[in-house]
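Novice: Pasting in a structure now, in structure tokens, and then I'll have a few things to ask.
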Amino acid sequence: MADKPRQAEGGREADSESSVRYSLLISEEARAQLRALPKSLRHNIGQRLDALQNGLSGDVKKLTAREHKYRLRVGTYRILFRLEGSAIFVYAVKHRKEAYA
């Protein structure tokens, strides 16, 4: 007896979500926060954001009690973003101590 493919929310197969490519929008405030970081950290964050665009991969967690708001963990930094349809809107890049204040 063959197993059925896992179903994700909305009735799609769970593996089909990994093929979704999200567009990336970064606020001016988040851009300024990125510019203030060391080049090596900016490079690492850039790689993680690229991976995030491909099916929301990475250390992503939904922020409790906040509609459509998530965080991506990159070392001691948190990339705070909203999911708006097929777009990722980054609104802040902060050290973990400052991210949730």
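Naming works like this for the structure tokens: A, B, ... for the chains as they're shown, residue 1 at the start of each chain, ligands 1 onward in shown order.
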Please provide the set of residues having any atom within 10 Å of His43 in chain A, restricted to only C-alpha atoms, with same-chain residues fewer than 6 positions apart removed, written as a list in words.
Specialist: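 Once the adjacent positions are removed, what remains is Leu34, Leu37 and Leu49 of chain A.
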Novice: Generate the output file for the selected residues, N, CA and C atoms, as a PDB file, in the first residue's frame.
Specialist:
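Below is the file result.pdb, written as the result:
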ATOM      1  N   LEU A  34      21.520  47.169   7.941  1.00  0.00           N
ATOM      2  CA  LEU A  34      22.445  46.250   7.273  1.00  0.00           C
ATOM      3  C   LEU A  34      23.776  46.930   6.961  1.00  0.00           C
ATOM      4  N   LEU A  37      26.476  46.995   9.640  1.00  0.00           N
ATOM      5  CA  LEU A  37      27.077  45.729  10.079  1.00  0.00           C
ATOM      6  C   LEU A  37      28.387  45.463   9.345  1.00  0.00           C
ATOM      7  N   LEU A  49      19.157  35.347   3.274  1.00  0.00           N
ATOM      8  CA  LEU A  49      17.959  35.925   2.658  1.00  0.00           C
ATOM      9  C   LEU A  49      17.694  35.287   1.300  1.00  0.00           C
TER      10      LEU A  49
END
Novice: Can you pull out the residues contacting range 93-96 of chain A? Cut-off 6 Å, using only C-alpha atoms, and skip same-chain residues under 6 positions away; I want them as number ranges by chain.
Specialist: A: 30, 33, 76-79
Novice: The selected residues should be written to file as a PDB file, in the first residue's frame (atoms: C-alpha atoms).
Specialist:
ATOM      1  CA  ALA A  30      16.485  47.715   7.457  1.00  0.00           C
ATOM      2  CA  GLN A  33      20.785  48.645   9.745  1.00  0.00           C
ATOM      3  CA  THR A  76      23.159  36.629  17.116  1.00  0.00           C
ATOM      4  CA  TYR A  77      21.159  38.750  14.658  1.00  0.00           C
ATOM      5  CA  ARG A  78      17.485  38.554  13.833  1.00  0.00           C
ATOM      6  CA  ILE A  79      15.991  39.475  10.482  1.00  0.00           C
TER       7      ILE A  79
END
Novice: In Å, how far is it from CA of Arg48 in chain A to CA of Leu80 in chain A?
Specialist: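 Separation between CA of Arg48 in chain A and CA of Leu80 in chain A: 12.7 Å.
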Novice: Would you mind writing down, as a ChimeraX atom specification, each residue of chain A that DSSP on the backbone assigns to helix (DSSP H, G or I)?
Specialist: /A:9-11,14-19,28-35,39-53,96-99
Novice: Write out as a ChimeraX atom specification each polymer residue whose atoms come within 9 Å of Gly58 in chain A, counting only C-alpha atoms; drop sequence neighbours fewer than 5 positions from it.
Specialist: /A:48-49,51-52,72-74
Novice: Between CA of Arg21 in chain A and CA of Ala36 in chain A, measure the distance and give it in Å to one decimal.
Specialist: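 These two atoms are separated by 28.0 Å.
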Novice: If you measure from CA of Ala92 in chain A to CA of His68 in chain A, what distance in Å do you get, rounded to one decimal?
Specialist: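 Straight-line distance from CA of Ala92 in chain A to CA of His68 in chain A works out to 14.6 Å.
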Novice: Taking the DSSP secondary structure from the backbone, can you list the residues of chain A that are strand (DSSP E), as a compact mmCIF listing (two decimals) with N, CA and C atoms, in the first residue's frame?
Specialist:
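Listing of result_38.txt after writing:
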# COMPACT_ATOMS: atom_id res chain seq x y z
N SER A 23 9.49 37.00 -3.62
CA SER A 23 10.21 38.23 -3.91
C SER A 23 10.64 38.85 -2.59
N LEU A 24 11.69 39.66 -2.62
CA LEU A 24 12.26 40.22 -1.40
C LEU A 24 12.21 41.74 -1.46
N LEU A 25 11.59 42.34 -0.45
CA LEU A 25 11.52 43.80 -0.30
C LEU A 25 12.16 44.16 1.02
N ILE A 26 13.04 45.16 1.02
CA ILE A 26 13.75 45.56 2.24
C ILE A 26 13.48 47.04 2.50
N VAL A 60 13.62 29.87 10.63
CA VAL A 60 12.50 30.82 10.62
C VAL A 60 11.51 30.43 11.70
N LYS A 61 11.02 31.42 12.41
CA LYS A 61 10.01 31.17 13.43
C LYS A 61 8.95 32.27 13.35
N LYS A 62 7.69 31.85 13.46
CA LYS A 62 6.59 32.82 13.49
C LYS A 62 6.61 33.49 14.85
N LYS A 69 3.99 37.90 10.93
CA LYS A 69 5.34 38.38 11.25
C LYS A 69 6.22 37.21 11.67
N TYR A 70 7.45 37.22 11.15
CA TYR A 70 8.39 36.13 11.37
C TYR A 70 9.77 36.69 11.67
N ARG A 71 10.66 35.77 12.10
CA ARG A 71 12.05 36.15 12.26
C ARG A 71 12.92 35.06 11.66
N LEU A 72 14.05 35.51 11.11
CA LEU A 72 15.08 34.61 10.61
C LEU A 72 16.29 34.81 11.49
N ARG A 73 16.81 33.72 12.06
CA ARG A 73 17.98 33.81 12.94
C ARG A 73 19.24 33.63 12.11
N VAL A 74 20.16 34.60 12.23
CA VAL A 74 21.47 34.51 11.60
C VAL A 74 22.48 34.83 12.70
N TYR A 77 22.03 37.75 15.27
CA TYR A 77 21.16 38.75 14.66
C TYR A 77 19.84 38.14 14.24
N ARG A 78 18.81 38.97 14.23
CA ARG A 78 17.49 38.55 13.83
C ARG A 78 17.03 39.43 12.67
N ILE A 79 16.57 38.78 11.62
CA ILE A 79 15.99 39.47 10.48
C ILE A 79 14.49 39.39 10.68
N LEU A 80 13.84 40.51 10.91
CA LEU A 80 12.40 40.54 11.16
C LEU A 80 11.69 40.86 9.86
N PHE A 81 10.69 40.04 9.52
CA PHE A 81 10.00 40.24 8.26
C PHE A 81 8.54 39.86 8.35
N ARG A 82 7.77 40.41 7.39
CA ARG A 82 6.37 40.06 7.22
C ARG A 82 6.23 39.28 5.93
N LEU A 83 5.31 38.36 5.93
CA LEU A 83 5.00 37.61 4.73
C LEU A 83 3.73 38.20 4.14
N GLU A 84 3.84 38.77 2.95
CA GLU A 84 2.70 39.42 2.30
C GLU A 84 2.46 38.74 0.96
N ALA A 87 5.52 37.73 -1.22
CA ALA A 87 6.61 38.67 -0.98
C ALA A 87 7.06 38.62 0.48
N ILE A 88 8.36 38.72 0.67
CA ILE A 88 8.97 38.83 1.99
C ILE A 88 9.34 40.29 2.17
N PHE A 89 8.79 40.93 3.21
CA PHE A 89 9.09 42.34 3.47
C PHE A 89 9.93 42.42 4.75
N VAL A 90 11.23 42.69 4.59
CA VAL A 90 12.14 42.82 5.73
C VAL A 90 12.00 44.23 6.30
N TYR A 91 11.64 44.31 7.58
CA TYR A 91 11.46 45.63 8.19
C TYR A 91 12.50 45.96 9.25
N ALA A 92 13.32 44.98 9.68
CA ALA A 92 14.35 45.27 10.67
C ALA A 92 15.43 44.19 10.66
N VAL A 93 16.67 44.61 10.94
CA VAL A 93 17.81 43.71 11.12
C VAL A 93 18.46 44.16 12.42
N LYS A 94 18.30 43.34 13.49
CA LYS A 94 18.75 43.77 14.81
C LYS A 94 19.45 42.65 15.56
N HIS A 95 20.30 43.05 16.50
CA HIS A 95 20.92 42.09 17.41
C HIS A 95 19.79 41.48 18.25
Novice: Taking only C-alpha atoms into account, which of A:Gly75, A:Tyr22, A:Ser57, A:Ala32 comes nearest Ile45 in chain A?
Specialist: A:Gly75
